[in-house]
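Chemist: Just query-v6.cif, nothing more (mmCIF, C-alpha atoms; chains and numbers go by the auth columns):
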```
data_run
loop_
_atom_site.group_PDB
_atom_site.id
_atom_site.type_symbol
_atom_site.label_atom_id
_atom_site.label_comp_id
_atom_site.label_asym_id
_atom_site.label_seq_id
_atom_site.Cartn_x
_atom_site.Cartn_y
_atom_site.Cartn_z
_atom_site.B_iso_or_equiv
_atom_site.auth_seq_id
_atom_site.auth_asym_id
ATOM 1 C CA GLN A 1 193.502 96.949 72.797 0.00 1 D
ATOM 2 C CA VAL A 2 190.802 94.312 72.470 0.00 2 D
ATOM 3 C CA GLN A 3 191.633 91.111 70.589 0.00 3 D
ATOM 4 C CA LEU A 4 189.561 87.998 70.030 0.00 4 D
ATOM 5 C CA VAL A 5 191.088 84.657 69.161 0.00 5 D
ATOM 6 C CA GLU A 6 188.885 81.792 67.978 0.00 6 D
ATOM 7 C CA SER A 7 189.722 78.100 67.953 0.00 7 D
ATOM 8 C CA GLY A 8 188.015 74.768 67.404 0.00 8 D
ATOM 9 C CA GLY A 9 186.866 74.946 63.799 0.00 9 D
ATOM 10 C CA GLY A 10 187.443 72.167 61.308 0.00 10 D
ATOM 11 C CA ARG A 11 185.829 69.560 59.120 0.00 11 D
ATOM 12 C CA VAL A 12 183.271 67.096 60.446 0.00 12 D
ATOM 13 C CA GLN A 13 180.750 64.647 59.034 0.00 13 D
ATOM 14 C CA PRO A 14 177.008 65.327 59.231 0.00 14 D
ATOM 15 C CA GLY A 15 175.737 64.462 62.678 0.00 15 D
ATOM 16 C CA GLY A 16 179.082 65.207 64.258 0.00 16 D
ATOM 17 C CA SER A 17 180.086 67.768 66.868 0.00 17 D
ATOM 18 C CA LEU A 18 182.542 70.608 67.255 0.00 18 D
ATOM 19 C CA ARG A 19 183.276 73.025 70.067 0.00 19 D
ATOM 20 C CA LEU A 20 184.363 76.556 69.267 0.00 20 D
ATOM 21 C CA SER A 21 186.176 78.755 71.766 0.00 21 D
ATOM 22 C CA CYS A 22 186.877 82.467 71.701 0.00 22 D
ATOM 23 C CA ALA A 23 189.174 84.173 74.168 0.00 23 D
ATOM 24 C CA ALA A 24 189.080 87.954 74.477 0.00 24 D
ATOM 25 C CA SER A 25 192.112 89.870 75.670 0.00 25 D
ATOM 26 C CA GLY A 26 192.311 93.482 76.750 0.00 26 D
ATOM 27 C CA ASN A 27 191.392 95.516 79.770 0.00 27 D
ATOM 28 C CA MET A 28 187.725 94.544 80.049 0.00 28 D
ATOM 29 C CA PHE A 29 185.421 93.655 82.915 0.00 29 D
ATOM 30 C CA ASN A 30 181.849 92.396 82.881 0.00 30 D
ATOM 31 C CA ILE A 31 181.524 92.215 79.111 0.00 31 D
ATOM 32 C CA PRO A 32 177.788 92.785 78.514 0.00 32 D
ATOM 33 C CA LYS A 33 177.359 90.511 75.516 0.00 33 D
ATOM 34 C CA MET A 34 179.402 87.855 73.716 0.00 34 D
ATOM 35 C CA GLY A 35 178.391 85.612 70.893 0.00 35 D
ATOM 36 C CA TRP A 36 178.836 84.069 67.484 0.00 36 D
ATOM 37 C CA TYR A 37 177.855 84.956 63.957 0.00 37 D
ATOM 38 C CA ARG A 38 178.444 82.916 60.829 0.00 38 D
ATOM 39 C CA GLN A 39 178.729 83.587 57.139 0.00 39 D
ATOM 40 C CA ALA A 40 178.272 80.964 54.463 0.00 40 D
ATOM 41 C CA PRO A 41 179.545 81.478 50.903 0.00 41 D
ATOM 42 C CA GLY A 42 177.274 83.853 49.013 0.00 42 D
ATOM 43 C CA LYS A 43 175.178 84.645 52.067 0.00 43 D
ATOM 44 C CA GLU A 44 174.986 87.453 54.579 0.00 44 D
ATOM 45 C CA ARG A 45 176.485 87.160 58.034 0.00 45 D
ATOM 46 C CA GLU A 46 173.869 85.916 60.487 0.00 46 D
ATOM 47 C CA LEU A 47 173.582 85.649 64.233 0.00 47 D
ATOM 48 C CA VAL A 48 174.067 82.153 65.604 0.00 48 D
ATOM 49 C CA ALA A 49 173.835 82.773 69.334 0.00 49 D
ATOM 50 C CA ASN A 50 174.720 85.283 72.021 0.00 50 D
ATOM 51 C CA ILE A 51 174.880 85.387 75.782 0.00 51 D
ATOM 52 C CA ILE A 52 174.818 88.242 78.251 0.00 52 D
ATOM 53 C CA THR A 53 176.743 88.537 81.495 0.00 53 D
ATOM 54 C CA ALA A 54 173.941 87.082 83.628 0.00 54 D
ATOM 55 C CA GLY A 55 173.751 84.026 81.379 0.00 55 D
ATOM 56 C CA THR A 56 170.620 84.715 79.333 0.00 56 D
ATOM 57 C CA THR A 57 171.012 83.210 75.880 0.00 57 D
ATOM 58 C CA ASN A 58 169.567 83.822 72.441 0.00 58 D
ATOM 59 C CA TYR A 59 169.717 81.433 69.487 0.00 59 D
ATOM 60 C CA ALA A 60 168.891 81.491 65.817 0.00 60 D
ATOM 61 C CA ASP A 61 165.929 79.230 65.096 0.00 61 D
ATOM 62 C CA SER A 62 168.084 77.108 62.794 0.00 62 D
ATOM 63 C CA VAL A 63 170.401 76.022 65.639 0.00 63 D
ATOM 64 C CA LYS A 64 168.019 75.767 68.602 0.00 64 D
ATOM 65 C CA GLY A 65 168.274 72.408 70.294 0.00 65 D
ATOM 66 C CA ARG A 66 171.589 71.607 68.580 0.00 66 D
ATOM 67 C CA PHE A 67 173.968 74.384 69.641 0.00 67 D
ATOM 68 C CA THR A 68 174.754 75.589 73.158 0.00 68 D
ATOM 69 C CA ILE A 69 176.515 78.840 73.979 0.00 69 D
ATOM 70 C CA SER A 70 178.270 79.391 77.286 0.00 70 D
ATOM 71 C CA ARG A 71 180.840 81.741 78.754 0.00 71 D
ATOM 72 C CA ASP A 72 183.487 81.906 81.433 0.00 72 D
ATOM 73 C CA ASN A 73 183.477 85.438 82.782 0.00 73 D
ATOM 74 C CA THR A 74 186.701 84.882 84.712 0.00 74 D
ATOM 75 C CA LYS A 75 188.500 84.190 81.432 0.00 75 D
ATOM 76 C CA ASN A 76 186.516 86.487 79.110 0.00 76 D
ATOM 77 C CA THR A 77 185.905 83.419 76.981 0.00 77 D
ATOM 78 C CA VAL A 78 182.818 82.303 75.095 0.00 78 D
ATOM 79 C CA TYR A 79 182.135 78.805 73.809 0.00 79 D
ATOM 80 C CA LEU A 80 179.834 77.298 71.211 0.00 80 D
ATOM 81 C CA GLN A 81 179.088 73.598 71.482 0.00 81 D
ATOM 82 C CA MET A 82 177.699 72.432 68.139 0.00 82 D
ATOM 83 C CA ASN A 83 176.005 69.027 67.989 0.00 83 D
ATOM 84 C CA HIS A 84 174.096 67.233 65.247 0.00 84 D
ATOM 85 C CA LEU A 85 175.853 69.334 62.646 0.00 85 D
ATOM 86 C CA LYS A 86 174.321 69.636 59.189 0.00 86 D
ATOM 87 C CA PRO A 87 175.865 70.555 55.833 0.00 87 D
ATOM 88 C CA GLU A 88 173.991 73.865 56.011 0.00 88 D
ATOM 89 C CA ASP A 89 176.001 74.758 59.121 0.00 89 D
ATOM 90 C CA THR A 90 179.070 75.090 56.904 0.00 90 D
ATOM 91 C CA ALA A 91 180.348 78.646 57.267 0.00 91 D
ATOM 92 C CA VAL A 92 183.009 80.864 58.718 0.00 92 D
ATOM 93 C CA TYR A 93 182.125 81.416 62.358 0.00 93 D
ATOM 94 C CA TYR A 94 182.967 84.770 63.918 0.00 94 D
ATOM 95 C CA CYS A 95 183.189 85.513 67.590 0.00 95 D
ATOM 96 C CA TYR A 96 182.104 88.957 68.726 0.00 96 D
ATOM 97 C CA LEU A 97 181.570 90.981 71.849 0.00 97 D
ATOM 98 C CA GLU A 98 179.994 94.296 72.766 0.00 98 D
ATOM 99 C CA TYR A 99 181.826 96.492 75.245 0.00 99 D
ATOM 100 C CA GLN A 100 181.472 100.164 76.042 0.00 100 D
ATOM 101 C CA TRP A 101 179.210 100.782 73.049 0.00 101 D
ATOM 102 C CA ARG A 102 181.550 99.138 70.554 0.00 102 D
ATOM 103 C CA ALA A 103 181.533 95.785 68.802 0.00 103 D
ATOM 104 C CA TYR A 104 184.696 93.725 68.401 0.00 104 D
ATOM 105 C CA TRP A 105 185.161 90.777 66.052 0.00 105 D
ATOM 106 C CA GLY A 106 187.472 87.818 65.766 0.00 106 D
ATOM 107 C CA PRO A 107 189.093 86.850 62.454 0.00 107 D
ATOM 108 C CA GLY A 108 186.791 83.841 62.014 0.00 108 D
ATOM 109 C CA THR A 109 187.185 80.088 62.029 0.00 109 D
ATOM 110 C CA GLN A 110 186.024 77.752 59.276 0.00 110 D
ATOM 111 C CA VAL A 111 183.504 75.001 59.984 0.00 111 D
ATOM 112 C CA ALA A 112 182.865 72.521 57.188 0.00 112 D
ATOM 113 C CA VAL A 113 180.235 69.793 57.457 0.00 113 D
ATOM 114 C CA SER A 114 180.375 67.191 54.718 0.00 114 D
ATOM 115 C CA SER A 115 180.592 63.483 54.130 0.00 115 D
#
```
Please express the file's structure as structure tokens.
Modeler:
Amino acid sequence: QVQLVESGGGRVQPGGSLRLSCAASGNMFNIPKMGWYRQAPGKERELVANIITAGTTNYADSVKGRFTISRDNTKNTVYLQMNHLKPEDTAVYYCYLEYQWRAYWGPGTQVAVSS
């Protein structure tokens, strides 16, 4: 059974940084794609960033240059380093992965950016 557990969310002032982590458990090898979505109040869930096994990354335009996604394939873990945070980054951040033609989601972690 696949489970994803996120950590690292919280409250931070504008311009601050946070690092999200997501560890996937279950009998999986070479997970093709891992990444992060977010959902702000009253808005649709949107892609933040994803990364494939070989390391190629993809970012939403709104976070390019500020966020960095990385992964540790030995631990089935994906990270999201978020710098220069803005109030509009406030959302619930969801980890996800794609494996054997299915998508799996974490429960979400809250990120709040305010002064």
Chemist: Hey, can you check how far CA of Asp61 in chain D sits from CA of Glu88 in chain D?
Modeler: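 If I compute the distance from CA of Asp61 in chain D to CA of Glu88 in chain D, I get 13.3 Å.
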Chemist: Evaluate the PyMOL selection byres ((chain D and resi 7-18) around 7) and record the selected residues as a tab-separated table (two decimals) with C-alpha atoms, keeping the file's coordinate frame, following the chain and residue labels used in the document.
Modeler:
```tsv
chain	number	residue	atom	x	y	z
D	5	VAL	CA	191.09	84.66	69.16
D	6	GLU	CA	188.88	81.79	67.98
D	19	ARG	CA	183.28	73.03	70.07
D	20	LEU	CA	184.36	76.56	69.27
D	21	SER	CA	186.18	78.76	71.77
D	22	CYS	CA	186.88	82.47	71.70
D	81	GLN	CA	179.09	73.60	71.48
D	82	MET	CA	177.70	72.43	68.14
D	83	ASN	CA	176.00	69.03	67.99
D	84	HIS	CA	174.10	67.23	65.25
D	85	LEU	CA	175.85	69.33	62.65
D	86	LYS	CA	174.32	69.64	59.19
D	87	PRO	CA	175.86	70.56	55.83
D	109	THR	CA	187.18	80.09	62.03
D	110	GLN	CA	186.02	77.75	59.28
D	111	VAL	CA	183.50	75.00	59.98
D	112	ALA	CA	182.86	72.52	57.19
D	113	VAL	CA	180.24	69.79	57.46
D	114	SER	CA	180.38	67.19	54.72
D	115	SER	CA	180.59	63.48	54.13
```
Chemist: My list of candidates is D:Ala54, D:Leu97, D:Ala91, D:Ala60. Which is closest to Thr77 in chain D when distances are computed with only C-alpha atoms?
Modeler: D:Leu97
Chemist: Would you kindly return, as an mmCIF file with C-alpha atoms, in the frame of the given file, each protein, DNA or RNA residue with an atom no farther than 6 Å from any atom of Tyr93 in chain D, considering all atoms listed in the file and excluding same-chain residues fewer than 3 positions away?
Modeler:
```
data_model
loop_
_atom_site.group_PDB
_atom_site.id
_atom_site.type_symbol
_atom_site.label_atom_id
_atom_site.label_comp_id
_atom_site.auth_asym_id
_atom_site.auth_seq_id
_atom_site.Cartn_x
_atom_site.Cartn_y
_atom_site.Cartn_z
ATOM 1 C CA TYR D 37 177.855 84.956 63.957
ATOM 2 C CA ARG D 38 178.444 82.916 60.829
ATOM 3 C CA GLY D 108 186.791 83.841 62.014
ATOM 4 C CA THR D 109 187.185 80.088 62.029
#
```
Chemist: Could you pull the residues within 7 Å of range 28-35 of chain D, counting all atoms listed in the file, minus those fewer than 5 positions along the same chain, as a ChimeraX atom specification?
Modeler: /D:49-53,78,95-99
Chemist: Compare D:Arg45, D:Asp89, D:Trp36, D:Gln1 by their minimum atom-to-atom distance to Ser70 in chain D, counting only C-alpha atoms, and give me the closest one.
Modeler: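 Distance minimum relative to Ser70 in chain D lands on D:Trp36.
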Chemist: What is the CA of Lys75 in chain D to CA of Ser25 in chain D distance in Å?
Modeler: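 Separation of CA of Lys75 in chain D and CA of Ser25 in chain D: 8.9 Å.
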Chemist: Enter the distance from CA of Asn58 in chain D to CA of Tyr79 in chain D, in Å, rounded to one decimal.
Modeler: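 For CA of Asn58 in chain D relative to CA of Tyr79 in chain D, the distance reads 13.6 Å.
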Chemist: Work out where the centre of an axis-aligned box around every listed atom of range 8-15 of chain D lies and how long its edges are once 3 Å is added on each side; give both in Å to one decimal as AutoDock Vina command-line options.
Modeler:
```
--center_x 181.9 --center_y 69.7 --center_z 63.2 --size_x 18.3 --size_y 16.5 --size_z 14.4
```
Chemist: Go through the shown structure with the PyMOL selection byres ((chain D and resi 41) around 10) and write out the matching residues as a list of chain:residue names.
Modeler: D:Gln39, D:Ala40, D:Gly42, D:Lys43, D:Glu44, D:Arg45, D:Thr90, D:Ala91, D:Val92
